[in-house]
Each structure stands twice: as structure tokens, then as C-alpha cells.
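Content type TSV, C-alpha atoms, from the file query-v3.tsv:
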```tsv
chain	number	residue	atom	x	y	z
A	1	MET	CA	-47.02	27.28	-33.42
A	2	LEU	CA	-44.37	25.48	-35.50
A	3	GLU	CA	-43.72	23.12	-32.59
A	4	GLN	CA	-47.39	22.10	-32.63
A	5	TRP	CA	-47.37	21.55	-36.41
A	6	PHE	CA	-44.35	19.26	-36.30
A	7	SER	CA	-44.81	17.59	-32.89
A	8	TRP	CA	-45.87	14.44	-34.71
A	9	LEU	CA	-42.46	14.27	-36.40
A	10	LEU	CA	-40.32	13.58	-33.28
A	11	PRO	CA	-41.67	10.10	-32.36
A	12	ILE	CA	-41.42	9.08	-36.00
A	13	LEU	CA	-37.79	10.18	-36.21
A	14	GLN	CA	-36.99	8.38	-32.94
A	15	PHE	CA	-38.48	5.21	-34.37
A	16	LEU	CA	-36.46	5.67	-37.55
A	17	GLU	CA	-33.15	6.46	-35.79
A	18	PRO	CA	-31.54	3.03	-36.46
A	19	TYR	CA	-32.35	3.46	-40.13
A	20	LEU	CA	-31.37	7.12	-40.22
A	21	SER	CA	-27.91	6.26	-38.90
A	22	LYS	CA	-27.30	4.41	-42.15
A	23	LEU	CA	-27.70	7.72	-44.04
A	24	GLN	CA	-24.55	9.24	-42.53
A	25	SER	CA	-22.60	8.84	-45.78
A	26	VAL	CA	-25.28	10.68	-47.79
A	27	SER	CA	-26.48	13.14	-45.15
A	28	PHE	CA	-25.47	16.25	-47.16
A	29	LEU	CA	-27.30	14.91	-50.20
A	30	VAL	CA	-30.42	14.72	-48.02
A	31	LEU	CA	-29.86	18.34	-46.93
A	32	GLY	CA	-29.29	19.49	-50.52
A	33	PHE	CA	-32.44	17.76	-51.71
A	34	GLY	CA	-34.48	19.38	-48.93
A	35	ALA	CA	-33.04	22.84	-49.63
A	36	LEU	CA	-33.85	22.47	-53.31
A	37	LEU	CA	-37.46	21.59	-52.53
A	38	LEU	CA	-37.80	24.50	-50.12
A	39	LEU	CA	-36.39	26.90	-52.70
A	40	ALA	CA	-38.87	25.61	-55.29
A	41	ALA	CA	-41.71	26.12	-52.81
A	42	LEU	CA	-40.61	29.69	-52.00
A	43	ILE	CA	-40.16	31.05	-55.54
A	44	GLY	CA	-42.39	28.67	-57.47
A	45	GLY	CA	-39.67	27.00	-59.56
A	46	GLY	CA	-38.42	28.27	-62.90
A	47	PHE	CA	-34.69	28.13	-62.08
A	48	LYS	CA	-31.67	26.02	-62.91
A	49	ILE	CA	-28.73	25.00	-60.72
A	50	GLN	CA	-25.96	23.53	-62.84
A	51	SER	CA	-27.57	20.52	-64.56
A	52	VAL	CA	-30.66	20.48	-62.33
A	53	GLU	CA	-33.59	22.47	-63.77
A	54	ILE	CA	-36.80	23.08	-61.79
A	55	PRO	CA	-39.78	24.15	-63.99
A	56	ARG	CA	-42.49	26.56	-62.87
A	57	ILE	CA	-44.91	24.83	-60.49
A	58	GLY	CA	-48.40	25.62	-59.27
A	59	ASN	CA	-49.63	26.33	-55.74
A	60	VAL	CA	-50.48	22.72	-54.91
A	61	ALA	CA	-47.04	21.54	-56.09
A	62	ARG	CA	-45.39	24.37	-54.12
A	63	ALA	CA	-47.17	23.29	-50.93
A	64	LEU	CA	-46.18	19.66	-51.50
A	65	SER	CA	-42.59	20.69	-52.32
A	66	GLY	CA	-42.41	22.80	-49.14
A	67	SER	CA	-43.68	19.93	-46.99
A	68	LEU	CA	-41.19	17.48	-48.50
A	69	GLY	CA	-38.44	20.08	-48.13
A	70	VAL	CA	-39.16	20.55	-44.41
A	71	LEU	CA	-39.27	16.77	-43.99
A	72	SER	CA	-35.90	16.31	-45.77
A	73	VAL	CA	-34.19	19.02	-43.73
A	74	SER	CA	-35.66	17.52	-40.53
A	75	VAL	CA	-34.30	14.11	-41.53
A	76	PHE	CA	-30.85	15.68	-42.07
A	77	PHE	CA	-30.81	17.17	-38.56
A	78	SER	CA	-32.05	13.85	-37.14
A	79	ILE	CA	-29.27	11.76	-38.64
A	80	PRO	CA	-27.00	10.89	-35.69
A	81	PRO	CA	-23.37	11.94	-36.11
A	82	GLU	CA	-20.91	9.27	-37.11
A	83	ILE	CA	-19.55	7.58	-34.00
A	84	GLN	CA	-15.76	7.59	-33.79
A	85	THR	CA	-14.76	4.26	-32.28
A	86	LEU	CA	-11.35	3.42	-30.90
A	87	ASP	CA	-9.34	0.26	-30.55
A	88	LEU	CA	-8.83	-0.38	-26.82
A	89	ILE	CA	-5.81	-2.46	-25.83
A	90	GLY	CA	-5.73	-3.52	-22.20
A	91	GLU	CA	-3.79	-5.49	-19.63
A	92	VAL	CA	-4.89	-6.97	-16.31
A	93	VAL	CA	-2.34	-7.67	-13.56
A	94	PHE	CA	-3.70	-9.93	-10.84
A	95	GLN	CA	-2.49	-10.10	-7.26
A	96	ASN	CA	-2.90	-13.87	-7.27
A	97	PRO	CA	-3.15	-15.12	-10.87
A	98	PRO	CA	-6.27	-17.24	-11.38
A	99	SER	CA	-6.15	-20.83	-12.53
A	100	PRO	CA	-5.48	-21.28	-16.27
A	101	GLU	CA	-8.75	-23.23	-16.44
A	102	ASP	CA	-10.71	-20.26	-15.10
A	103	ALA	CA	-12.25	-18.28	-17.99
A	104	LEU	CA	-11.79	-14.52	-17.54
A	105	GLY	CA	-13.39	-11.57	-19.26
A	106	ILE	CA	-14.19	-7.87	-19.06
A	107	ARG	CA	-17.38	-5.99	-19.89
A	108	LEU	CA	-17.58	-2.25	-20.49
A	109	TYR	CA	-20.96	-0.64	-19.74
A	110	ARG	CA	-22.13	2.76	-20.84
A	111	ILE	CA	-25.77	3.59	-21.67
A	112	ASP	CA	-26.50	0.86	-24.15
A	113	ASN	CA	-25.55	-2.81	-24.24
A	114	PRO	CA	-22.07	-3.65	-22.93
A	115	VAL	CA	-19.12	-4.60	-25.09
A	116	GLU	CA	-17.22	-7.65	-23.95
A	117	ALA	CA	-13.76	-9.16	-24.42
A	118	ILE	CA	-11.96	-12.25	-23.19
A	119	ILE	CA	-8.90	-11.81	-20.95
A	120	SER	CA	-6.16	-14.13	-22.21
A	121	ASN	CA	-2.69	-14.19	-20.61
A	122	GLY	CA	-3.62	-10.99	-18.81
A	123	ARG	CA	-4.50	-9.10	-22.01
A	124	PHE	CA	-7.70	-8.05	-23.76
A	125	GLU	CA	-8.65	-6.11	-26.89
A	126	PHE	CA	-11.68	-4.20	-28.14
A	127	ARG	CA	-11.24	-3.74	-31.88
A	128	ALA	CA	-13.19	-1.33	-34.11
A	129	PRO	CA	-15.55	-1.31	-35.85
A	130	ALA	CA	-17.49	-4.32	-34.52
A	131	ASN	CA	-16.13	-4.21	-30.97
A	132	GLY	CA	-14.63	-0.74	-30.76
A	133	VAL	CA	-15.34	1.75	-27.98
A	134	GLN	CA	-15.83	5.49	-27.75
A	135	ALA	CA	-13.75	7.81	-25.62
A	136	GLY	CA	-15.30	8.53	-22.22
A	137	LEU	CA	-16.20	6.92	-18.91
A	138	TYR	CA	-17.34	3.31	-18.58
A	139	ARG	CA	-18.26	0.93	-15.82
A	140	ALA	CA	-15.89	-2.00	-16.17
A	141	GLU	CA	-16.77	-5.44	-14.82
A	142	ILE	CA	-13.98	-8.01	-14.50
A	143	TYR	CA	-15.41	-11.49	-14.15
A	144	SER	CA	-14.43	-15.15	-14.07
A	145	ASP	CA	-16.19	-18.50	-13.88
A	146	GLN	CA	-16.54	-17.81	-10.15
A	147	GLY	CA	-18.50	-14.58	-10.71
A	148	THR	CA	-17.69	-10.87	-10.71
A	149	LEU	CA	-14.23	-10.10	-9.35
A	150	ASP	CA	-14.76	-6.34	-9.25
A	151	ASP	CA	-16.42	-3.48	-11.07
A	152	LEU	CA	-15.14	0.06	-11.25
A	153	THR	CA	-15.28	3.23	-13.32
A	154	VAL	CA	-12.61	3.51	-16.01
A	155	SER	CA	-11.70	6.28	-18.44
A	156	VAL	CA	-11.01	5.54	-22.10
A	157	ALA	CA	-9.01	8.27	-23.83
A	158	ARG	CA	-7.47	8.58	-27.28
A	159	LYS	CA	-3.67	8.69	-27.44
A	160	GLY	CA	-2.88	11.77	-29.53
A	161	ALA	CA	-4.13	11.41	-33.09
A	162	ASP	CA	-4.19	7.61	-32.91
A	163	ARG	CA	-7.45	5.74	-33.01
A	164	GLU	CA	-6.27	3.60	-30.13
A	165	ALA	CA	-6.53	3.77	-26.35
A	166	SER	CA	-4.90	1.76	-23.59
A	167	LEU	CA	-6.13	0.58	-20.21
A	168	VAL	CA	-4.25	-1.05	-17.34
A	169	LEU	CA	-6.06	-2.76	-14.48
A	170	SER	CA	-4.01	-4.00	-11.52
A	171	GLN	CA	-5.40	-5.81	-8.50
A	172	GLY	CA	-4.84	-4.23	-5.11
A	173	PRO	CA	-4.26	-5.92	-1.73
A	174	TYR	CA	-7.98	-6.37	-1.04
A	175	GLY	CA	-8.84	-7.80	-4.45
A	176	GLU	CA	-10.05	-4.47	-5.85
A	177	PHE	CA	-8.80	-3.27	-9.23
A	178	ILE	CA	-7.02	0.02	-9.90
A	179	ALA	CA	-7.29	1.55	-13.38
A	180	ALA	CA	-4.84	3.67	-15.35
A	181	SER	CA	-3.92	4.31	-18.96
A	182	GLY	CA	-0.58	3.78	-20.63
A	183	ASP	CA	2.31	1.51	-19.70
A	184	PRO	CA	1.56	-1.24	-17.13
A	185	ILE	CA	5.14	-1.12	-15.83
A	186	GLN	CA	4.96	2.61	-15.10
A	187	HIS	CA	1.53	2.11	-13.55
A	188	LEU	CA	2.92	-0.49	-11.12
A	189	VAL	CA	6.02	1.60	-10.41
A	190	ASN	CA	3.72	4.50	-9.49
A	191	LEU	CA	1.70	2.23	-7.20
A	192	SER	CA	4.92	1.07	-5.53
A	193	LYS	CA	5.39	4.65	-4.28
A	194	ARG	CA	2.00	4.91	-2.61
A	195	LYS	CA	1.80	5.88	1.03
A	196	ASP	CA	-0.11	2.70	1.95
A	197	TRP	CA	2.61	0.04	2.24
A	198	GLN	CA	0.22	-2.77	1.29
A	199	TYR	CA	-0.20	-1.30	-2.20
A	200	ARG	CA	3.56	-0.89	-2.46
A	201	ALA	CA	4.12	-4.54	-1.52
A	202	VAL	CA	1.55	-5.85	-4.01
A	203	ALA	CA	2.90	-3.67	-6.85
A	204	ILE	CA	6.47	-4.87	-6.22
A	205	ASP	CA	5.31	-8.49	-6.26
A	206	GLN	CA	3.37	-7.92	-9.50
A	207	LEU	CA	6.37	-6.26	-11.16
A	208	ASN	CA	8.56	-9.18	-10.19
A	209	ARG	CA	6.09	-11.70	-11.59
A	210	LEU	CA	6.01	-9.82	-14.89
A	211	ALA	CA	9.82	-9.61	-14.95
A	212	ARG	CA	10.13	-13.38	-14.42
A	213	ALA	CA	7.84	-14.01	-17.38
A	214	ASP	CA	9.25	-11.42	-19.81
A	215	VAL	CA	12.93	-10.64	-20.38
A	216	ALA	CA	12.04	-7.27	-21.94
A	217	ILE	CA	10.30	-6.20	-18.72
A	218	ARG	CA	13.27	-7.40	-16.67
A	219	ASN	CA	15.63	-5.32	-18.82
A	220	ASP	CA	13.30	-2.33	-18.49
A	221	LEU	CA	13.49	-2.61	-14.69
A	222	ILE	CA	17.27	-2.97	-14.80
A	223	ASP	CA	17.50	0.23	-16.84
A	224	ARG	CA	15.20	2.03	-14.39
A	225	MET	CA	17.28	0.78	-11.43
A	226	LYS	CA	20.46	2.21	-12.99
A	227	SER	CA	18.81	5.48	-14.05
A	228	GLY	CA	19.18	7.28	-10.72
A	229	THR	CA	15.59	8.55	-11.03
A	230	PRO	CA	12.83	8.22	-8.39
A	231	ASP	CA	11.91	4.93	-10.12
A	232	SER	CA	15.28	3.35	-9.29
A	233	GLN	CA	14.42	1.96	-5.87
A	234	ALA	CA	11.05	0.55	-6.93
A	235	ALA	CA	12.70	-1.23	-9.88
A	236	ALA	CA	15.49	-2.58	-7.67
A	237	PHE	CA	13.06	-4.00	-5.11
A	238	ALA	CA	10.99	-5.56	-7.88
A	239	LEU	CA	14.08	-7.32	-9.25
A	240	ALA	CA	15.20	-8.33	-5.75
A	241	GLU	CA	11.88	-10.02	-4.98
A	242	SER	CA	13.11	-13.37	-6.37
A	243	CYS	CA	16.51	-14.92	-7.01
A	244	ASP	CA	15.58	-15.50	-10.66
A	245	THR	CA	15.58	-11.78	-11.45
A	246	GLN	CA	18.61	-10.73	-9.43
A	247	ASN	CA	22.09	-9.95	-10.71
A	248	ARG	CA	25.19	-8.41	-9.15
A	249	ASP	CA	23.88	-4.87	-9.63
A	250	VAL	CA	20.64	-5.74	-7.82
A	251	LEU	CA	22.52	-7.38	-4.93
A	252	ALA	CA	24.82	-4.36	-4.65
A	253	PHE	CA	21.80	-2.04	-4.58
A	254	MET	CA	20.14	-4.13	-1.85
A	255	GLN	CA	23.37	-4.21	0.17
A	256	ARG	CA	23.40	-0.41	0.17
A	257	VAL	CA	19.74	-0.23	1.23
A	258	TRP	CA	20.40	-2.60	4.14
A	259	SER	CA	23.57	-0.83	5.25
A	260	GLU	CA	22.24	2.73	5.14
A	261	LYS	CA	19.52	4.02	7.43
A	262	GLN	CA	16.31	4.31	5.41
A	263	PRO	CA	13.16	6.24	6.34
A	264	ILE	CA	11.22	2.95	6.27
A	265	PRO	CA	12.82	0.09	8.28
A	266	TYR	CA	10.79	-2.55	6.42
A	267	GLN	CA	12.64	-1.68	3.22
A	268	ARG	CA	15.92	-2.44	4.96
A	269	VAL	CA	14.63	-5.81	6.19
A	270	ARG	CA	13.36	-6.69	2.72
A	271	ALA	CA	16.73	-5.71	1.25
A	272	LEU	CA	18.48	-7.91	3.81
A	273	ALA	CA	16.24	-10.88	3.00
A	274	SER	CA	16.97	-10.52	-0.72
A	275	LEU	CA	20.66	-11.15	0.06
A	276	LEU	CA	19.74	-14.76	0.89
A	277	CYS	CA	20.11	-15.29	-2.86
A	278	ASP	CA	23.83	-14.58	-2.52
A	279	GLY	CA	25.31	-17.93	-1.50
A	280	ALA	CA	28.36	-16.28	0.07
A	281	GLN	CA	26.21	-14.29	2.51
A	282	VAL	CA	23.48	-16.77	3.46
A	283	ASP	CA	24.74	-17.61	6.97
A	284	LEU	CA	25.42	-13.98	7.87
A	285	VAL	CA	22.03	-12.87	6.53
A	286	LYS	CA	20.22	-15.56	8.52
A	287	GLN	CA	22.00	-14.47	11.71
A	288	GLU	CA	20.80	-10.91	11.15
A	289	LEU	CA	17.24	-12.05	10.41
A	290	PHE	CA	17.14	-14.22	13.55
A	291	LYS	CA	18.16	-11.18	15.63
A	292	LEU	CA	15.32	-9.24	14.00
A	293	ALA	CA	12.83	-12.04	14.66
A	294	LYS	CA	13.87	-12.10	18.36
A	295	HIS	CA	13.73	-8.27	18.77
A	296	SER	CA	17.45	-8.23	19.64
A	297	HIS	CA	18.87	-6.41	16.63
A	298	HIS	CA	20.39	-2.91	16.92
A	299	LEU	CA	17.96	-1.77	14.16
A	300	PHE	CA	15.19	-1.50	16.78
A	301	ALA	CA	17.13	1.22	18.60
A	302	GLU	CA	17.35	3.31	15.41
A	303	TYR	CA	13.58	3.77	14.92
A	304	PRO	CA	10.55	4.57	17.07
A	305	ARG	CA	8.91	1.43	18.44
A	306	ALA	CA	5.73	2.00	16.40
A	307	ALA	CA	7.77	1.99	13.18
A	308	THR	CA	9.17	-1.51	13.74
A	309	GLN	CA	6.24	-3.49	15.17
A	310	GLY	CA	5.95	-5.74	12.12
A	311	VAL	CA	9.69	-6.30	11.63
A	312	PRO	CA	9.93	-9.57	13.68
A	313	ASN	CA	7.05	-11.09	11.73
A	314	MET	CA	8.66	-10.03	8.46
A	315	ALA	CA	11.98	-11.59	9.45
A	316	ALA	CA	10.23	-14.79	10.55
A	317	TYR	CA	8.44	-14.99	7.20
A	318	TYR	CA	11.65	-14.76	5.16
A	319	LEU	CA	13.49	-17.22	7.42
A	320	THR	CA	10.66	-19.72	7.00
A	321	LEU	CA	10.83	-19.32	3.22
A	322	ALA	CA	14.56	-20.01	3.53
A	323	GLY	CA	13.84	-23.36	5.22
A	324	GLU	CA	14.30	-22.44	8.90
A	325	ARG	CA	12.01	-24.05	11.51
A	326	ARG	CA	12.56	-22.55	14.98
A	327	SER	CA	10.21	-21.92	17.89
A	328	CYS	CA	10.71	-18.14	17.90
A	329	LEU	CA	9.60	-18.00	14.27
A	330	LEU	CA	6.43	-19.93	14.97
A	331	GLY	CA	5.36	-17.45	17.65
A	332	GLU	CA	5.80	-14.45	15.35
A	333	LEU	CA	3.87	-16.13	12.53
A	334	LEU	CA	0.99	-16.95	14.87
A	335	LYS	CA	0.84	-13.28	15.82
A	336	GLY	CA	0.82	-12.43	12.13
A	337	ILE	CA	-2.42	-14.24	11.33
A	338	GLU	CA	-4.14	-11.93	13.85
A	339	SER	CA	-2.78	-8.80	12.14
A	340	PRO	CA	-5.22	-6.10	10.92
A	341	TYR	CA	-3.32	-6.10	7.60
A	342	LYS	CA	-4.44	-8.60	5.00
A	343	ILE	CA	-0.99	-9.06	3.46
A	344	VAL	CA	0.54	-9.88	6.85
A	345	ARG	CA	-2.23	-12.40	7.54
A	346	ASP	CA	-1.85	-14.02	4.12
A	347	ARG	CA	1.94	-14.25	4.30
A	348	SER	CA	1.91	-15.54	7.85
A	349	PHE	CA	-0.62	-18.20	6.89
A	350	GLU	CA	1.51	-19.17	3.88
A	351	ALA	CA	4.61	-19.47	6.06
A	352	LEU	CA	2.81	-21.45	8.77
A	353	ASN	CA	1.67	-24.00	6.23
A	354	MET	CA	5.26	-24.32	5.03
A	355	PHE	CA	6.41	-24.43	8.65
A	356	VAL	CA	4.33	-27.46	9.64
A	357	GLY	CA	4.44	-29.13	6.22
A	358	HIS	CA	0.68	-29.47	6.17
A	359	ARG	CA	-2.04	-27.48	4.44
A	360	ILE	CA	-4.41	-26.09	7.04
A	361	VAL	CA	-7.70	-24.90	5.60
A	362	SER	CA	-8.55	-22.21	8.12
A	363	ALA	CA	-6.35	-19.17	8.65
A	364	GLU	CA	-7.96	-18.43	12.02
A	365	SER	CA	-5.44	-18.17	14.83
A	366	GLY	CA	-7.49	-20.26	17.29
A	367	GLN	CA	-7.92	-23.18	14.90
A	368	PHE	CA	-4.27	-23.05	13.95
A	369	ARG	CA	-3.24	-23.16	17.62
A	370	ASP	CA	-5.61	-26.09	18.24
A	371	TRP	CA	-4.04	-27.98	15.37
A	372	LEU	CA	-0.53	-27.23	16.64
A	373	GLY	CA	-1.56	-28.45	20.09
A	374	GLN	CA	-2.21	-31.89	18.62
A	375	TYR	CA	0.46	-32.08	15.94
A	376	MET	CA	3.18	-29.73	17.18
A	377	PRO	CA	6.37	-30.57	15.32
A	378	LYS	CA	9.62	-30.84	17.29
A	379	LEU	CA	11.34	-27.49	17.06
A	380	ASP	CA	14.78	-26.24	17.99
A	381	ASP	CA	15.01	-23.13	20.09
A	382	CYS	CA	16.36	-19.95	18.55
```

Rewritten as C-alpha cells:
Amino acid sequence: MLEQWFSWLLPILQFLEPYLSKLQSVSFLVLGFGALLLLAALIGGGFKIQSVEIPRIGNVARALSGSLGVLSVSVFFSIPPEIQTLDLIGEVVFQNPPSPEDALGIRLYRIDNPVEAIISNGRFEFRAPANGVQAGLYRAEIYSDQGTLDDLTVSVARKGADREASLVLSQGPYGEFIAASGDPIQHLVNLSKRKDWQYRAVAIDQLNRLARADVAIRNDLIDRMKSGTPDSQAAAFALAESCDTQNRDVLAFMQRVWSEKQPIPYQRVRALASLLCDGAQVDLVKQELFKLAKHSHHLFAEYPRAATQGVPNMAAYYLTLAGERRSCLLGELLKGIESPYKIVRDRSFEALNMFVGHRIVSAESGQFRDWLGQYMPKLDDC
């Protein structure tokens, strides 16, 4: 029966919700006023509460007081709770950083209109109250001038008692983004331990790029490398990825990885290639890499054949980066652009363009071979 009497109230309160939300600061005053009116309606007035005195009232006034009391209490229960918004601090790590001229941004969607922030130097911020966010799940859209790069579900969570949350988005080998909270360095270190080697390779490359740009990150990785924890090897490989971030400790670490049998032969080959940064070892390292590119190295006898199929291509890639141009390398790189793995295709295509000194638009093996048939450079044998 009561539901029928007050059914008209719900659509009115829904219409008034934007205005009711402004009453959050005085919501208990609304409740107190309604309770006072209801009390007057029930006992007919004639009482005093502190400095507020309600005189005796007649039946008509009691009915009106009761109606207003019900309305006030209903308004109190209809006032939406105060929304606790958080500052969200985020970082985006790209696989291939976009052009500086390319405007980047991120939108977070929930039920209502999205909130939006610009990505500048890989960072973005949502600041309360105007642009704050609530804890919970969102659909995140990362976009550029070229369109949407990816969208994915992300979780925004408060850090302890702070009114701040963090979000890290790193780009995987296929252009997709992977979300996590907390420290971007730890996020990438965790990715570098994934079972899928393509994610490991991308994470190592991203860590190295960050270390080249920020001395604090480089020092963080050096500390991790020396820590003896499970993060040590990931940090060492990240530092070894370029000569700019290497030091004697990194070279010594890579020498050990190359010399000792590792579960994954590709890690040994990568460690060997990093020693090209040591001027005293360049010739010896190149000799070892050429043996790997020609399938004649003793390493192939130490592992099952399936575990070393990509080793010659990997060796050819690093020799090409080091300035070598030999026929055996060209053959391995041409095989690489037919690989089922995107990273192998991309790196082989990169090396082939360096190899011939000419930018070829298509990465298709057939078109590359046609071009080489017409413009084959003179190459020394291996």
C-alpha cells in the first residue's frame, strides 16, 4: 500500500538527483528536519528540543507536517553518497615510441562519460576533484592522431590510505597493451620473466630505453643486477642491450652467461652479442657469431635441435648491426622475414634494410628477393 502511495516520488527524485547531490554537506540536517516534522505529526506538537520549540498543532497541520516529514526523510535517503575520487598517476611504455608530433591520450570509460588525459613523455595524470577517478574497473582506450592504438580493461586501486592510485601500461610484441599497478620498472622486470620469449624481448628493450633516458632507472637496474635476486638477470640483460648502459660489471655478467650453459640458448647468444661493446673482444666475438650464423658452433651440439632453430638468424642480426655484410648473413635474414614470430620478422627486416643500405617498403620475402635480384650488392663469402 505504501509503495502505491509514494510511487510518484521515485521519478521526481531521479529527476532531482543532480541537485540532490549538492545536499551531501547538509544531508543530516535534512534528516533532522524530517524527523522533527514526523514527531510533530505523531504527537501533535507541544514539545521543545533544546532551543527549538514546536507548539500544539491541529489535525490539518499534523497531516501537512507528516507529509513534509516523509518527503524530507525520502530526500535524505535519495541523496547520493559522496564520491571518493582518487588521483591516478600513470605511465605508458611503448614498444616503438610514436613520433613527437603525434598527439597521444588515454580515456577511461565506466558507466557515464569518460575522463580523458593527455599522454606527455609517456606519462599521464587524472587529478581530483575535476578529473579524479574512483576505484574500480575501467575500459581504457589509448589513442593517437592515427586512431585507437588499443583498448583494454584496467583496475584502479587505492594505495593504502593514500588518495592516489598508479597505473602502468606497457606495449606488447603485437601492439597490445598490458596493464599493472605500481612501479613501471618492476612491471617490465616481471614481463621479462614471462614464458613467451617475445614478451621477454620487448620488456628488455623497453627497460633499456628507459635506462638510456634516465640515470636513476639505470642505477636501479644496476642495483638489481648486483642483488643476487631473481631480478638480477633481467636487469643485467636490460643494461647489456646497448653499449651506452653497459659497464664492467654488466660485461662480466654477460661473459658468465655466455660461458656457462643456460637453459635458454638464446640468452647465451644475446650475452655474446653484448660483448661486441668491449673493444678488446670484438674480433673474437664476431668469430663466434659467424660460427653460430653458419650452424658450425659447438653450441648446437649442447641443445636439442628445436631449441636452437632461431640462433643463426639471431647471430646474423647482431653481426649486421655490427657492420658485417656477408652472404651467409643475408640468407639467414631472408629466412627471418618468413618467421611466424613478429619480432623475428621485424628485426630481420630492419637488418636487411641496413644490409643493402636502402629502405625497402615491403617486408614480404618475395618482394625483397625480387629487389635483391636486380640490385644485389657484391658480398664476400663467410

Counting all atoms listed in the file, give me one row per residue of segment 79-186 of chain A with an atom at most 9 Å from an atom of segment 192-208 of chain A, showing the shortest contact pair and its distance in Å to one decimal, sorted by chain then residue number, as JSON lines.
```
{"residue": "A:Val93", "atom": "CA", "partner": "A:Gln206", "partner_atom": "CA", "distance": 7.0}
{"residue": "A:Phe94", "atom": "CA", "partner": "A:Gln206", "partner_atom": "CA", "distance": 7.5}
{"residue": "A:Gln95", "atom": "CA", "partner": "A:Gln206", "partner_atom": "CA", "distance": 6.6}
{"residue": "A:Asn96", "atom": "CA", "partner": "A:Gln206", "partner_atom": "CA", "distance": 8.9}
{"residue": "A:Ser170", "atom": "CA", "partner": "A:Ala203", "partner_atom": "CA", "distance": 8.3}
{"residue": "A:Gln171", "atom": "CA", "partner": "A:Val202", "partner_atom": "CA", "distance": 8.3}
{"residue": "A:Gly172", "atom": "CA", "partner": "A:Tyr199", "partner_atom": "CA", "distance": 6.2}
{"residue": "A:Pro173", "atom": "CA", "partner": "A:Tyr199", "partner_atom": "CA", "distance": 6.2}
{"residue": "A:Ile185", "atom": "CA", "partner": "A:Leu207", "partner_atom": "CA", "distance": 7.1}
```

Could you give me, as a tab-separated table, every segment 144-171 of chain A residue with an atom at most 10 Å from segment 114-132 of chain A, plus its closest atom pair and distance in Å to one decimal, counting only C-alpha atoms, rows ordered by chain then number?
```
residue	atom	partner	partner_atom	distance
A:Ser144	CA	A:Ile119	CA	9.4
A:Arg163	CA	A:Ala128	CA	9.2
A:Glu164	CA	A:Arg127	CA	9.0
A:Ala165	CA	A:Phe126	CA	9.7
A:Ser166	CA	A:Glu125	CA	9.3
A:Leu167	CA	A:Phe124	CA	9.5
A:Val168	CA	A:Arg123	CA	9.3
A:Leu169	CA	A:Gly122	CA	9.6
```

> At a cut-off of 12 Å from (-26.6, 4.7, -25.2) in the coordinates of the file, what residues are picked up using all atoms listed in the file, written as a VMD selection string?
Replying inline: chain A and resid 83 109 to 115 133 to 134 138

Per residue of segment 172-260 of chain A within 12 Å of segment 316-337 of chain A, record the nearest atom pair and its distance in Å to one decimal, counting only C-alpha atoms, with rows in chain order and ascending residue number, as a tab-separated table.
```
residue	atom	partner	partner_atom	distance
A:Glu241	CA	A:Tyr318	CA	11.2
A:Ser242	CA	A:Leu321	CA	11.5
A:Cys243	CA	A:Ala322	CA	11.9
```

> Is there a way to get, as a ChimeraX atom specification, all residues within 12 Å of the point (-14.4, -10.9, -7.1) in file coordinates, counting all atoms listed in the file?
Replying inline: /A:94-96,98,104,141-152,171-172,174-177

Any chance you could export the current selection's C-alpha atoms as a tab-separated table (two decimals), in the coordinates of the input?
```
chain	number	residue	atom	x	y	z
A	94	PHE	CA	-3.70	-9.93	-10.84
A	95	GLN	CA	-2.49	-10.10	-7.26
A	96	ASN	CA	-2.90	-13.87	-7.27
A	98	PRO	CA	-6.27	-17.24	-11.38
A	104	LEU	CA	-11.79	-14.52	-17.54
A	141	GLU	CA	-16.77	-5.44	-14.82
A	142	ILE	CA	-13.98	-8.01	-14.50
A	143	TYR	CA	-15.41	-11.49	-14.15
A	144	SER	CA	-14.43	-15.15	-14.07
A	145	ASP	CA	-16.19	-18.50	-13.88
A	146	GLN	CA	-16.54	-17.81	-10.15
A	147	GLY	CA	-18.50	-14.58	-10.71
A	148	THR	CA	-17.69	-10.87	-10.71
A	149	LEU	CA	-14.23	-10.10	-9.35
A	150	ASP	CA	-14.76	-6.34	-9.25
A	151	ASP	CA	-16.42	-3.48	-11.07
A	152	LEU	CA	-15.14	0.06	-11.25
A	171	GLN	CA	-5.40	-5.81	-8.50
A	172	GLY	CA	-4.84	-4.23	-5.11
A	174	TYR	CA	-7.98	-6.37	-1.04
A	175	GLY	CA	-8.84	-7.80	-4.45
A	176	GLU	CA	-10.05	-4.47	-5.85
A	177	PHE	CA	-8.80	-3.27	-9.23
```

>> Residues near Pro304 of chain A, anyone? I mean within 12 Å using only C-alpha atoms, not counting same-chain ones fewer than 3 positions away, as a ChimeraX atom specification.
In response: /A:263-265,299-301,307-309

>> One decimal, in Å: what's the spacing between atom CA of Ser348 of chain A and atom CA of Met314 of chain A?
In response: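 So the two atoms, atom CA of Ser348 of chain A and atom CA of Met314 of chain A, lie 8.7 Å apart.
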
>> As an exercise, work out the distance from atom CA of Leu275 of chain A to atom CA of Ala240 of chain A in Å and give it to one decimal place.
In response: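 Distance reported for this atom pair: 8.5 Å.
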